[in-house]
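What's in model-v2.txt: compact mmCIF, C-alpha atoms
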# COMPACT_ATOMS: atom_id res chain seq x y z
CA MET A 1 0.00 0.00 0.00
CA ILE A 2 1.35 3.41 -1.01
CA LYS A 3 0.35 6.16 1.43
CA ILE A 4 0.20 9.72 0.12
CA LEU A 5 -0.64 12.91 2.00
CA PHE A 6 -1.20 16.12 0.04
CA ILE A 7 -0.53 19.33 1.97
CA CYS A 8 -1.43 22.98 1.49
CA HIS A 9 -1.96 25.93 3.80
CA GLY A 10 -5.61 25.49 4.77
CA ASN A 11 -6.71 22.10 3.35
CA ILE A 12 -9.76 23.58 1.65
CA CYS A 13 -8.54 24.33 -1.91
CA ARG A 14 -5.42 22.74 -3.38
CA SER A 15 -4.67 19.71 -1.21
CA PRO A 16 -8.23 18.34 -1.25
CA MET A 17 -8.30 18.97 -5.01
CA ALA A 18 -5.15 16.84 -5.35
CA GLU A 19 -6.51 14.20 -2.97
CA PHE A 20 -9.69 13.68 -4.95
CA ILE A 21 -8.08 13.97 -8.39
CA LEU A 22 -5.57 11.24 -7.53
CA LYS A 23 -8.27 9.08 -5.91
CA ASP A 24 -10.26 9.38 -9.15
CA MET A 25 -7.21 8.49 -11.26
CA VAL A 26 -6.36 5.36 -9.27
CA LYS A 27 -10.00 4.27 -9.16
CA LYS A 28 -10.26 4.51 -12.96
CA GLN A 29 -7.21 2.23 -13.20
CA GLY A 30 -8.61 -0.23 -10.64
CA LEU A 31 -5.76 0.49 -8.22
CA GLU A 32 -7.66 2.03 -5.29
CA ASN A 33 -6.82 -0.92 -3.01
CA GLN A 34 -3.11 -0.16 -3.47
CA PHE A 35 -3.30 3.43 -2.23
CA GLU A 36 -4.18 5.43 0.84
CA ILE A 37 -4.65 9.06 -0.21
CA ALA A 38 -5.49 11.96 2.09
CA SER A 39 -4.86 15.69 2.52
CA ALA A 40 -4.12 18.09 5.35
CA ALA A 41 -3.17 21.67 6.23
CA THR A 42 -0.07 23.19 7.73
CA SER A 43 -2.16 25.89 9.45
CA THR A 44 -5.05 25.72 11.91
CA GLU A 45 -7.24 28.50 10.52
CA GLU A 46 -9.57 26.33 8.38
CA ILE A 47 -9.68 23.19 10.57
CA GLY A 48 -13.16 21.65 10.46
CA ASN A 49 -14.28 23.69 7.46
CA PRO A 50 -15.57 22.01 4.29
CA VAL A 51 -13.80 22.12 0.95
CA HIS A 52 -13.88 25.58 -0.70
CA PRO A 53 -16.83 25.98 -3.12
CA GLY A 54 -14.41 26.82 -5.95
CA THR A 55 -12.73 23.45 -5.57
CA VAL A 56 -16.04 21.62 -5.13
CA ASN A 57 -17.46 23.21 -8.29
CA LYS A 58 -14.33 22.60 -10.37
CA LEU A 59 -14.16 18.93 -9.42
CA LYS A 60 -17.91 18.52 -10.06
CA GLU A 61 -17.20 19.40 -13.70
CA TYR A 62 -15.25 16.12 -13.87
CA GLY A 63 -17.72 14.07 -11.85
CA ILE A 64 -15.51 14.09 -8.76
CA SER A 65 -17.09 14.55 -5.32
CA THR A 66 -15.43 15.88 -2.15
CA GLU A 67 -18.37 14.91 0.05
CA GLY A 68 -17.45 14.32 3.67
CA LYS A 69 -14.08 16.12 3.50
CA TYR A 70 -13.30 18.67 6.20
CA ALA A 71 -9.99 20.43 6.79
CA VAL A 72 -7.53 18.75 9.15
CA GLN A 73 -4.02 19.73 10.20
CA ILE A 74 -0.93 17.60 9.73
CA ARG A 75 0.45 16.00 12.88
CA LYS A 76 4.01 15.09 13.73
CA GLN A 77 3.19 11.36 13.45
CA ASP A 78 2.05 11.82 9.82
CA TYR A 79 5.71 11.83 8.82
CA ASP A 80 6.03 8.18 9.82
CA ARG A 81 2.56 7.17 8.60
CA TYR A 82 2.84 8.37 4.98
CA ASP A 83 5.32 7.41 2.25
CA TYR A 84 4.93 10.67 0.31
CA LEU A 85 4.20 14.11 1.78
CA ILE A 86 3.37 16.25 -1.22
CA CYS A 87 3.16 20.02 -0.87
CA MET A 88 1.66 22.57 -3.17
CA ASP A 89 4.35 25.23 -2.65
CA SER A 90 7.66 26.11 -0.98
CA TYR A 91 5.92 27.85 1.91
CA ASN A 92 4.18 24.57 2.80
CA ILE A 93 7.53 22.78 2.78
CA ARG A 94 8.99 25.26 5.28
CA ASN A 95 5.97 24.82 7.55
CA MET A 96 6.18 21.04 7.31
CA GLU A 97 9.87 21.03 8.15
CA ARG A 98 9.06 23.10 11.23
CA ILE A 99 6.36 20.61 12.30
CA PHE A 100 8.35 17.47 11.44
CA GLY A 101 11.77 18.70 12.54
CA HIS A 102 13.52 19.42 9.22
CA LYS A 103 13.17 15.92 7.78
CA LYS A 104 13.19 15.96 3.99
CA ASP A 105 13.38 12.49 2.48
CA LYS A 106 9.60 12.06 2.01
CA ILE A 107 8.71 15.68 1.21
CA TYR A 108 8.08 16.80 -2.39
CA LYS A 109 6.41 19.62 -4.27
CA LEU A 110 3.62 18.29 -6.47
CA LEU A 111 4.86 19.80 -9.70
CA GLN A 112 8.24 18.06 -9.31
CA PHE A 113 6.39 15.02 -10.67
CA ALA A 114 5.52 17.06 -13.77
CA GLY A 115 9.12 18.12 -14.34
CA SER A 116 8.84 21.56 -12.74
CA GLU A 117 9.99 23.28 -9.57
CA ALA A 118 7.03 25.70 -9.76
CA ASP A 119 4.47 26.16 -7.02
CA VAL A 120 0.77 25.45 -7.47
CA ASP A 121 -0.70 28.92 -6.99
CA ASP A 122 -3.31 29.20 -4.26
CA PRO A 123 -6.75 29.83 -5.79
CA TRP A 124 -7.86 31.27 -2.43
CA TYR A 125 -5.86 34.32 -3.48
CA THR A 126 -5.80 34.05 -7.29
CA HIS A 127 -9.46 32.94 -7.65
CA ASP A 128 -8.24 30.85 -10.59
CA PHE A 129 -9.50 27.35 -9.84
CA ASN A 130 -9.09 26.41 -13.52
CA LYS A 131 -5.31 26.98 -13.39
CA ALA A 132 -5.07 25.22 -10.02
CA TYR A 133 -6.92 22.22 -11.49
CA GLU A 134 -4.67 22.12 -14.56
CA ASP A 135 -1.49 22.23 -12.46
CA ILE A 136 -2.75 19.72 -9.90
CA GLU A 137 -4.03 17.30 -12.55
CA LYS A 138 -0.66 17.47 -14.34
CA GLY A 139 1.21 16.89 -11.06
CA CYS A 140 -1.04 14.01 -10.03
CA GLN A 141 -0.66 12.33 -13.42
CA GLY A 142 3.11 12.69 -13.16
CA LEU A 143 3.03 11.28 -9.63
CA LEU A 144 0.89 8.32 -10.66
CA ASP A 145 3.13 7.62 -13.67
CA TYR A 146 6.18 7.73 -11.38
CA LEU A 147 4.58 5.37 -8.87
CA LEU A 148 3.41 2.94 -11.53
CA LYS A 149 6.95 2.74 -12.95
CA SER A 150 8.91 2.67 -9.72
CA LYS A 151 6.69 1.09 -7.06
CA LEU A 152 3.77 -0.89 -8.41
CA ASN A 153 5.53 -2.70 -11.25
CA ASN A 154 8.33 -4.12 -9.11

What does the file become when written as structure tokens?
Amino acid sequence: MIKILFICHGNICRSPMAEFILKDMVKKQGLENQFEIASAATSTEEIGNPVHPGTVNKLKEYGISTEGKYAVQIRKQDYDRYDYLICMDSYNIRNMERIFGHKKDKIYKLLQFAGSEADVDDPWYTHDFNKAYEDIEKGCQGLLDYLLKSKLNN
């Protein structure tokens, strides 16, 4: 079982978008029993809140539901629980290192899996959920391709 935790600032826009996009991708390939996929925040300000309507509406366009998802914060023990801790931007990485104690071997930025060091811009500020979706979908596809080549086919 491959355990993946997506992380963003509040866990209401980007990280739940990534969580549900990747869940949809693995389900379509019949691989859902080989993955545990979740998302969390580095901050506490949105804890307990539902997914942002912009994310909900964008994912609905693709038949993807976020029903039952509420923002949670990462915990120190998540470092040991998950195989991949995937952040949306450099700011999230700094916050995670503070929480986990500067460990780095499981921490990635999502777009690294799409061949880029770029951040996924936060649609909370940009209001551009289309661009966030495009970037996150590209990163998730790259991540899944990487995992299929390196982990699941061995």

Selection: 9 Å around Thr42 of chain A, all atoms listed in the file, excl. self and same-chain fewer than 2 positions, as a list in words: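 Residues near the query, excluding close chain neighbours: Ile7, Cys8, His9, Gly10, Asn11, Ala40, Thr44, Val72, Gln73, Ile74, Arg75, Asn92, Asn95, Met96 and Ile99 of chain A.
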
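Note that atom CA of Phe100 of chain A and atom CA of Asp119 of chain A are 20.8 Å apart.
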
Taking (-1.2, 16.4, -8.8) in the file's own coordinates, collect the residues within 9 Å, counting all atoms listed in the file, and hand them back as a PyMOL selection string. chain A and resi 6+15+17-19+21-22+86+88+110-111+113-114+133-144

What does the distance between atom CA of Gly101 of chain A and atom CA of Asp80 of chain A come to in Å, to one decimal place?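 Pair atom CA of Gly101 of chain A / atom CA of Asp80 of chain A returns 12.3 Å.
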
Do you know which residues are at most 12 Å from Leu147 of chain A counting all atoms listed in the file, after dropping those on the same chain fewer than 6 positions away, and could you put them as a list in words? Met1, Ile2, Lys3, Ile4, Leu22, Val26, Leu31, Gln34, Phe35, Asp83, Tyr84, Phe113, Cys140, Gln141, Asn153 and Asn154 of chain A

Interatomic distance between atom CA of Glu117 of chain A and atom CA of Pro50 of chain A?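 Between these atoms lies a distance of 29.1 Å.
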
Choose the residue, out of A:Arg81, A:Lys60, A:His127, A:Lys109, that has the smallest atom-to-atom separation from Ile37 of chain A; count all atoms listed in the file.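 For Ile37 of chain A, the nearest of the given residues is A:Arg81.
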
Counting all atoms listed in the file, the residue among A:Thr126, A:Asp24, A:Ala41, A:Glu61 that lies closest to Ile93 of chain A is A:Ala41
